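Q: Structure: start07.pdb, PDB, C-alpha atoms.
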ATOM      1  CA  MET A 136       0.000   0.000   0.000
ATOM      2  CA  LYS A 137       1.184   3.485  -0.829
ATOM      3  CA  TYR A 138      -0.020   6.759   0.607
ATOM      4  CA  ALA A 139       0.274  10.471  -0.072
ATOM      5  CA  ILE A 140      -0.373  13.336   2.321
ATOM      6  CA  ILE A 141      -2.535  16.213   1.097
ATOM      7  CA  PRO A 142      -2.341  19.205   3.492
ATOM      8  CA  VAL A 143      -5.773  20.823   3.813
ATOM      9  CA  THR A 144      -7.449  23.738   5.605
ATOM     10  CA  PRO A 145      -5.646  26.697   7.205
ATOM     11  CA  PHE A 146      -4.520  24.227   9.903
ATOM     12  CA  MET A 147      -2.493  22.210   7.361
ATOM     13  CA  GLN A 148      -4.258  19.017   8.419
ATOM     14  CA  ASN A 149      -2.710  15.831   7.011
ATOM     15  CA  CYS A 150      -5.410  14.321   4.818
ATOM     16  CA  SER A 151      -4.039  11.013   3.505
ATOM     17  CA  LEU A 152      -4.759   9.264   0.210
ATOM     18  CA  LEU A 153      -4.240   5.521   0.713
ATOM     19  CA  VAL A 154      -3.707   3.527  -2.484
ATOM     20  CA  CYS A 155      -3.978  -0.232  -2.969
ATOM     21  CA  GLU A 156      -1.339  -0.979  -5.585
ATOM     22  CA  THR A 157      -2.983  -4.293  -6.471
ATOM     23  CA  THR A 158      -6.399  -2.904  -7.397
ATOM     24  CA  ARG A 159      -5.672   0.821  -7.865
ATOM     25  CA  HIS A 160      -8.536   1.528  -5.481
ATOM     26  CA  ALA A 161      -8.057   4.167  -2.807
ATOM     27  CA  ALA A 162      -9.387   5.594   0.439
ATOM     28  CA  LEU A 163      -9.136   8.990   2.081
ATOM     29  CA  VAL A 164      -8.329   9.483   5.749
ATOM     30  CA  ASP A 165      -9.665  12.738   7.218
ATOM     31  CA  PRO A 166     -10.586  14.906   4.222
ATOM     32  CA  GLY A 167     -11.076  18.008   6.334
ATOM     33  CA  GLY A 168     -11.585  20.570   3.584
ATOM     34  CA  ASP A 169     -10.213  21.929   0.293
ATOM     35  CA  VAL A 170     -12.325  19.367  -1.541
ATOM     36  CA  ASP A 171     -11.228  20.413  -5.027
ATOM     37  CA  ARG A 172      -7.563  20.041  -4.055
ATOM     38  CA  ILE A 173      -8.212  16.569  -2.668
ATOM     39  CA  LEU A 174     -10.137  15.387  -5.702
ATOM     40  CA  ALA A 175      -7.460  16.792  -8.016
ATOM     41  CA  ALA A 176      -4.883  14.690  -6.142
ATOM     42  CA  VAL A 177      -7.101  11.619  -6.537
ATOM     43  CA  ASP A 178      -7.423  12.258 -10.281
ATOM     44  CA  LYS A 179      -3.678  12.806 -10.645
ATOM     45  CA  ALA A 180      -2.994   9.485  -8.902
ATOM     46  CA  GLY A 181      -5.206   7.701 -11.414
ATOM     47  CA  VAL A 182      -7.081   5.708  -8.764
ATOM     48  CA  THR A 183     -10.701   4.889  -7.972
ATOM     49  CA  LEU A 184     -11.765   6.388  -4.659
ATOM     50  CA  GLU A 185     -13.693   3.741  -2.731
ATOM     51  CA  LYS A 186     -14.162   4.964   0.859
ATOM     52  CA  ILE A 187     -13.565   7.717   3.377
ATOM     53  CA  PHE A 188     -12.189   6.905   6.845
ATOM     54  CA  LEU A 189     -12.486   9.443   9.673
ATOM     55  CA  THR A 190     -10.528   9.585  12.922
ATOM     56  CA  HIS A 191     -12.811  12.123  14.637
ATOM     57  CA  GLY A 192     -15.370  14.838  14.115
ATOM     58  CA  HIS A 193     -13.435  18.097  14.272
ATOM     59  CA  LEU A 194     -13.947  20.359  11.284
ATOM     60  CA  ASP A 195     -10.359  20.260  10.000
ATOM     61  CA  HIS A 196     -10.564  16.453   9.812
ATOM     62  CA  ALA A 197     -14.161  15.825   8.743
ATOM     63  CA  GLY A 198     -15.290  19.049   7.067
ATOM     64  CA  GLY A 199     -14.953  17.819   3.480
ATOM     65  CA  ALA A 200     -16.127  14.251   4.019
ATOM     66  CA  GLY A 201     -19.834  14.771   3.429
ATOM     67  CA  THR A 202     -19.271  16.759   0.247
ATOM     68  CA  ILE A 203     -16.905  14.179  -1.239
ATOM     69  CA  ALA A 204     -19.107  11.250  -0.235
ATOM     70  CA  HIS A 205     -22.183  12.857  -1.788
ATOM     71  CA  ARG A 206     -20.364  13.910  -4.945
ATOM     72  CA  LEU A 207     -18.816  10.492  -5.619
ATOM     73  CA  GLY A 208     -21.410   8.244  -3.998
ATOM     74  CA  ILE A 209     -18.939   6.559  -1.648
ATOM     75  CA  PRO A 210     -19.359   5.546   2.016
ATOM     76  CA  ILE A 211     -17.897   7.176   5.108
ATOM     77  CA  GLU A 212     -16.634   4.838   7.838
ATOM     78  CA  GLY A 213     -15.772   6.036  11.337
ATOM     79  CA  PRO A 214     -15.284   7.484  13.770
ATOM     80  CA  GLN A 215     -16.815   5.914  16.900
ATOM     81  CA  ARG A 216     -20.433   6.784  17.695
ATOM     82  CA  ALA A 217     -19.510   9.222  20.482
ATOM     83  CA  GLU A 218     -18.545  11.673  17.710
ATOM     84  CA  ALA A 219     -22.137  11.995  16.469
ATOM     85  CA  ALA A 220     -22.747  15.382  18.072
ATOM     86  CA  LEU A 221     -19.477  16.797  16.730
ATOM     87  CA  ILE A 222     -20.274  15.648  13.206
ATOM     88  CA  GLN A 223     -23.737  17.135  13.363
ATOM     89  CA  SER A 224     -22.173  20.419  14.525
ATOM     90  CA  LEU A 225     -19.776  20.692  11.575
ATOM     91  CA  PRO A 226     -21.645  23.653  10.006
ATOM     92  CA  GLU A 227     -21.406  25.495  13.338
ATOM     93  CA  GLN A 228     -17.801  24.680  14.208
ATOM     94  CA  GLY A 229     -16.288  27.157  11.769
ATOM     95  CA  ARG A 230     -18.619  29.942  12.876
ATOM     96  CA  ARG A 231     -18.188  29.184  16.574
ATOM     97  CA  PHE A 232     -14.401  29.213  16.505
ATOM     98  CA  GLY A 233     -13.991  31.807  13.749
ATOM     99  CA  LEU A 234     -12.120  29.405  11.495
ATOM    100  CA  GLY A 235     -13.202  30.942   8.212
ATOM    101  CA  PHE A 236     -14.402  27.686   6.670
ATOM    102  CA  SER A 237     -17.168  25.196   7.300
ATOM    103  CA  GLY A 238     -18.439  21.720   6.407
ATOM    104  CA  ASP A 239     -21.639  19.774   5.888
ATOM    105  CA  ALA A 240     -23.157  17.574   8.586
ATOM    106  CA  PHE A 241     -23.688  13.909   7.686
ATOM    107  CA  GLU A 242     -24.323  10.466   9.146
ATOM    108  CA  PRO A 243     -21.427   8.040   8.618
ATOM    109  CA  ASP A 244     -22.377   4.866   6.791
ATOM    110  CA  ARG A 245     -20.622   2.869   9.510
ATOM    111  CA  TRP A 246     -19.673   3.748  13.069
ATOM    112  CA  LEU A 247     -16.520   1.967  14.248
ATOM    113  CA  GLU A 248     -15.578   0.269  17.505
ATOM    114  CA  GLN A 249     -12.440  -1.144  19.116
ATOM    115  CA  GLY A 250     -11.305  -4.224  17.186
ATOM    116  CA  ASP A 251     -13.175  -3.453  13.964
ATOM    117  CA  VAL A 252     -11.493  -3.770  10.564
ATOM    118  CA  VAL A 253     -11.958  -1.470   7.582
ATOM    119  CA  SER A 254     -10.992  -2.330   4.038
ATOM    120  CA  PHE A 255     -10.579  -0.930   0.548
ATOM    121  CA  GLY A 256      -9.209  -2.633  -2.526
ATOM    122  CA  ALA A 257      -7.177  -5.580  -1.208
ATOM    123  CA  GLN A 258      -6.077  -3.707   1.927
ATOM    124  CA  THR A 259      -7.316  -3.965   5.513
ATOM    125  CA  LEU A 260      -6.687  -1.672   8.471
ATOM    126  CA  GLU A 261      -7.333  -2.411  12.130
ATOM    127  CA  VAL A 262      -9.335   0.054  14.208
ATOM    128  CA  SER A 263      -8.656   1.119  17.784
ATOM    129  CA  HIS A 264     -10.904   3.428  19.792
ATOM    130  CA  CYS A 265      -8.598   6.047  21.349
ATOM    131  CA  PRO A 266     -10.618   8.607  23.330
ATOM    132  CA  GLY A 267      -9.087  11.646  24.957
ATOM    133  CA  HIS A 268      -8.760  14.318  22.289
ATOM    134  CA  THR A 269     -12.432  13.635  21.570
ATOM    135  CA  PRO A 270     -14.660  10.900  23.025
ATOM    136  CA  GLY A 271     -15.070   8.896  19.818
ATOM    137  CA  HIS A 272     -11.621   9.247  18.253
ATOM    138  CA  VAL A 273     -10.308   6.171  16.415
ATOM    139  CA  ILE A 274      -6.995   5.301  14.791
ATOM    140  CA  TYR A 275      -6.208   3.033  11.818
ATOM    141  CA  PHE A 276      -3.346   0.522  11.713
ATOM    142  CA  HIS A 277      -1.981  -1.214   8.600
ATOM    143  CA  ARG A 278      -0.183  -4.163  10.148
ATOM    144  CA  GLU A 279       1.607  -5.364   7.007
ATOM    145  CA  ASP A 280       3.324  -2.004   6.424
ATOM    146  CA  LYS A 281       3.593  -1.128  10.127
ATOM    147  CA  MET A 282       1.881   2.215   9.508
ATOM    148  CA  ALA A 283      -0.743   3.964  11.628
ATOM    149  CA  TRP A 284      -2.986   6.964  11.058
ATOM    150  CA  VAL A 285      -3.578   8.450  14.494
ATOM    151  CA  GLY A 286      -5.398  11.739  13.861
ATOM    152  CA  ASP A 287      -4.925  14.115  16.783
ATOM    153  CA  VAL A 288      -4.078  11.511  19.432
ATOM    154  CA  LEU A 289      -0.288  11.725  19.091
ATOM    155  CA  PHE A 290       2.170  14.015  17.304
ATOM    156  CA  ALA A 291       5.901  14.070  16.788
ATOM    157  CA  GLY A 292       7.005  15.489  20.141
ATOM    158  CA  SER A 293       3.529  16.219  21.457
ATOM    159  CA  VAL A 294       0.018  14.872  22.092
ATOM    160  CA  GLY A 295      -3.483  15.987  21.192
ATOM    161  CA  ARG A 296      -5.034  18.905  22.996
ATOM    162  CA  THR A 297      -7.702  18.101  25.573
ATOM    163  CA  ASP A 298      -9.025  21.569  26.407
ATOM    164  CA  LEU A 299     -11.851  21.431  23.843
ATOM    165  CA  PRO A 300     -15.321  20.087  24.734
ATOM    166  CA  GLY A 301     -15.151  16.336  25.324
ATOM    167  CA  GLY A 302     -11.401  16.327  25.913
ATOM    168  CA  ASP A 303      -9.942  14.169  28.690
ATOM    169  CA  HIS A 304      -6.178  14.283  29.288
ATOM    170  CA  ARG A 305      -6.007  11.131  31.408
ATOM    171  CA  ALA A 306      -8.002   9.193  28.820
ATOM    172  CA  LEU A 307      -5.703  10.458  26.068
ATOM    173  CA  ILE A 308      -2.545   9.298  27.863
ATOM    174  CA  ARG A 309      -4.185   5.914  28.529
ATOM    175  CA  SER A 310      -5.115   5.594  24.859
ATOM    176  CA  ILE A 311      -1.551   6.268  23.762
ATOM    177  CA  ARG A 312       0.084   3.927  26.253
ATOM    178  CA  GLU A 313      -2.492   1.124  26.096
ATOM    179  CA  LYS A 314      -3.609   1.232  22.449
ATOM    180  CA  LEU A 315      -0.686   2.676  20.464
ATOM    181  CA  TRP A 316       2.483   1.453  22.180
ATOM    182  CA  PRO A 317       1.511  -2.255  21.974
ATOM    183  CA  LEU A 318       1.414  -1.999  18.174
ATOM    184  CA  GLY A 319       5.231  -1.845  18.163
ATOM    185  CA  ASP A 320       8.119   0.590  18.473
ATOM    186  CA  ASP A 321       8.871   0.252  14.766
ATOM    187  CA  VAL A 322       5.434   1.477  13.697
ATOM    188  CA  GLU A 323       5.548   4.764  11.782
ATOM    189  CA  PHE A 324       2.572   7.048  12.234
ATOM    190  CA  VAL A 325       0.915   9.848  10.303
ATOM    191  CA  SER A 326      -0.628  12.330  12.702
ATOM    192  CA  GLY A 327      -3.242  14.955  12.000
ATOM    193  CA  HIS A 328      -0.671  17.734  11.779
ATOM    194  CA  GLY A 329       3.079  17.920  11.370
ATOM    195  CA  PRO A 330       5.710  15.319  10.434
ATOM    196  CA  ASN A 331       5.650  11.552  10.807
ATOM    197  CA  SER A 332       7.389   9.797  13.657
ATOM    198  CA  THR A 333       7.535   6.302  15.172
ATOM    199  CA  PHE A 334       6.055   5.007  18.383
ATOM    200  CA  GLY A 335       9.525   3.959  19.528
ATOM    201  CA  ARG A 336      10.899   7.462  19.072
ATOM    202  CA  GLU A 337       8.015   9.012  20.971
ATOM    203  CA  ARG A 338       8.443   6.521  23.815
ATOM    204  CA  LYS A 339      11.976   7.879  24.202
ATOM    205  CA  ILE A 340      11.635  11.632  23.662
ATOM    206  CA  ASN A 341       8.011  12.756  23.831
ATOM    207  CA  PRO A 342       7.714  15.142  26.820
ATOM    208  CA  PHE A 343       4.149  13.991  27.544
ATOM    209  CA  VAL A 344       4.263  10.199  27.152
ATOM    210  CA  ALA A 345       7.904   9.055  27.130
ATOM    211  CA  ASP A 346       8.384   5.852  29.116
ATOM    212  CA  HIS A 347      10.675   7.441  31.704
ATOM    213  CA  LEU A 348       7.827   9.705  32.835
ATOM    214  CA  PHE A 349       5.865   6.705  34.091
TER     215      PHE A 349
END
Here is the file; what I need is its structure written in the form of structure tokens.

A:
Amino acid sequence: MKYAIIPVTPFMQNCSLLVCETTRHAALVDPGGDVDRILAAVDKAGVTLEKIFLTHGHLDHAGGAGTIAHRLGIPIEGPQRAEAALIQSLPEQGRRFGLGFSGDAFEPDRWLEQGDVVSFGAQTLEVSHCPGHTPGHVIYFHREDKMAWVGDVLFAGSVGRTDLPGGDHRALIRSIREKLWPLGDDVEFVSGHGPNSTFGRERKINPFVADHLF
């Protein structure tokens, strides 16, 4: 499986285009906005977009999902059901926080739970429910390639903020240590913002969740 990162929204959110090289089918992770830019990247890659996967319901991650799904007639899978209120509030989120952009509310075709699997083309990704940044946040793990898409749970050198409604710092730290670390130190992750890192590196140097802190 190959992937490309498409930075979207004024927050430079890492929307990812996942491509199954066997079938040339693809999925999007967190198309938060800039729909035309995303679809141009899909066209340039020469792939058939099959699904949208969401980590959580914040506008910069989910704002473009409904538009793309409606335009192409493809399903949205994720996040976990506790994100329902956030997704329904997408049109209000931009106005409330003065972000300068908005998104359409929608109902995902499939809510996800801990232990679920999602698929596109010939690829499968494992789902873990990782609350803390938001109550229904999920992450996606491609075991064969040792790659994870973790949304705003973990960053290179930092962790997700928990001061927004529904945030829970203790739950976030638990999610990282109990759901992410067991996947393996050699797992590389794409976070919602900023550069990639590995779980092993963050266990050594991350000032919030490094092993020596516990």

Q: When you look at region 202-216 of chain A with a cut-off of 10 Å (counting only C-alpha atoms), what residues show up, excluding the ones that are within fewer than 5 positions of it in the same chain? I need them as a ChimeraX atom specification.

A: /A:162-166,168,170-171,173-174,184-192,197,222,238-249,253-254,262-266,270-274

Q: Evaluate the PyMOL selection byres ((chain A and resi 348) around 12) here and jot the selected residues down as an mmCIF file with C-alpha atoms, in the coordinates of the input.

A:
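Output file out_36.cif follows:
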data_model
loop_
_atom_site.group_PDB
_atom_site.id
_atom_site.type_symbol
_atom_site.label_atom_id
_atom_site.label_comp_id
_atom_site.auth_asym_id
_atom_site.auth_seq_id
_atom_site.Cartn_x
_atom_site.Cartn_y
_atom_site.Cartn_z
ATOM 1 C CA ILE A 308 -2.545 9.298 27.863
ATOM 2 C CA ARG A 312 0.084 3.927 26.253
ATOM 3 C CA GLU A 337 8.015 9.012 20.971
ATOM 4 C CA ARG A 338 8.443 6.521 23.815
ATOM 5 C CA LYS A 339 11.976 7.879 24.202
ATOM 6 C CA ILE A 340 11.635 11.632 23.662
ATOM 7 C CA ASN A 341 8.011 12.756 23.831
ATOM 8 C CA PRO A 342 7.714 15.142 26.820
ATOM 9 C CA PHE A 343 4.149 13.991 27.544
ATOM 10 C CA VAL A 344 4.263 10.199 27.152
ATOM 11 C CA ALA A 345 7.904 9.055 27.130
ATOM 12 C CA ASP A 346 8.384 5.852 29.116
ATOM 13 C CA HIS A 347 10.675 7.441 31.704
ATOM 14 C CA PHE A 349 5.865 6.705 34.091
#

Q: Do you know which residues are at most 6 Å from Gly302 (chain A) counting only C-alpha atoms, after dropping those on the same chain fewer than 4 positions away, and could you put them as a CSV table (one decimal) with C-alpha atoms, keeping the file's coordinate frame?

A:
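Ended up saving to result.csv:
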chain,number,residue,atom,x,y,z
A,267,GLY,CA,-9.1,11.6,25.0
A,268,HIS,CA,-8.8,14.3,22.3
A,269,THR,CA,-12.4,13.6,21.6
A,297,THR,CA,-7.7,18.1,25.6
A,298,ASP,CA,-9.0,21.6,26.4

Q: What's the separation between CA of Ile311 (chain A) and CA of Phe334 (chain A), in Å to one decimal place?

A: 9.4 Å

Q: Tell me, in Å to one decimal, how far CA of Gly327 (chain A) is from CA of Glu279 (chain A).

A: 21.5 Å

Q: Quick one: everything within 9 Å of Met147 (chain A), counting only C-alpha atoms, minus sequence neighbours fewer than 6 positions away in the same chain. Send it as a ChimeraX atom specification.

A: /A:141,195,327-329

Q: Could you give me, as a list in words, the residues within 7 Å of Leu289 (chain A), counting only C-alpha atoms and dropping anything in the same chain fewer than 5 positions from it?

A: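 Counting only the stated atoms, we get Val294, Gly295 and Ser326 of chain A.
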
Q: What does the structure give for the distance between CA of Thr144 (chain A) and CA of Gly167 (chain A), in Å to one decimal?

A: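 So the answer is 6.8 Å.
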
Q: For each of A:Asp287, A:Ala220, A:Phe255, A:Ala176, take the minimum atom-to-atom distance to Val154 (chain A), counting all atoms listed in the file, then give the residue where this is smallest.

A: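 Between A:Asp287, A:Ala220, A:Phe255, A:Ala176, the residue approaching Val154 (chain A) most closely is A:Phe255.
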
Q: Measuring between only C-alpha atoms, which one of A:Gly335, A:Thr183, A:Arg305, A:Pro330 shows the shortest distance to Pro142 (chain A)?

A: A:Pro330

Q: Between A:Gly319, A:Gly229, A:Gly301, A:Gly181, single out the one closest to Asp280 (chain A), counting only C-alpha atoms.

A: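 Selected residue with least distance to Asp280 (chain A): A:Gly319.
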
Q: May I ask which of the residues A:Leu221, A:Ala175, A:Val285, A:Leu318 is the closest one to Leu299 (chain A), counting all atoms listed in the file?

A: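 Among the listed residues, the smallest separation from Leu299 (chain A) belongs to A:Leu221.
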
Q: Quick one: of A:Val322, A:Lys281, A:Asp303, A:Gln258, who's nearest to Thr158 (chain A), counting all atoms listed in the file?

A: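 Nearest to Thr158 (chain A): A:Gln258.
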
Q: Looking at A:Leu225, A:Val325, A:Thr157, A:Thr333, which one is nearest to Tyr138 (chain A), with distances taken over only C-alpha atoms?

A: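 Of the candidates, the smallest distance to Tyr138 (chain A) is held by A:Val325.
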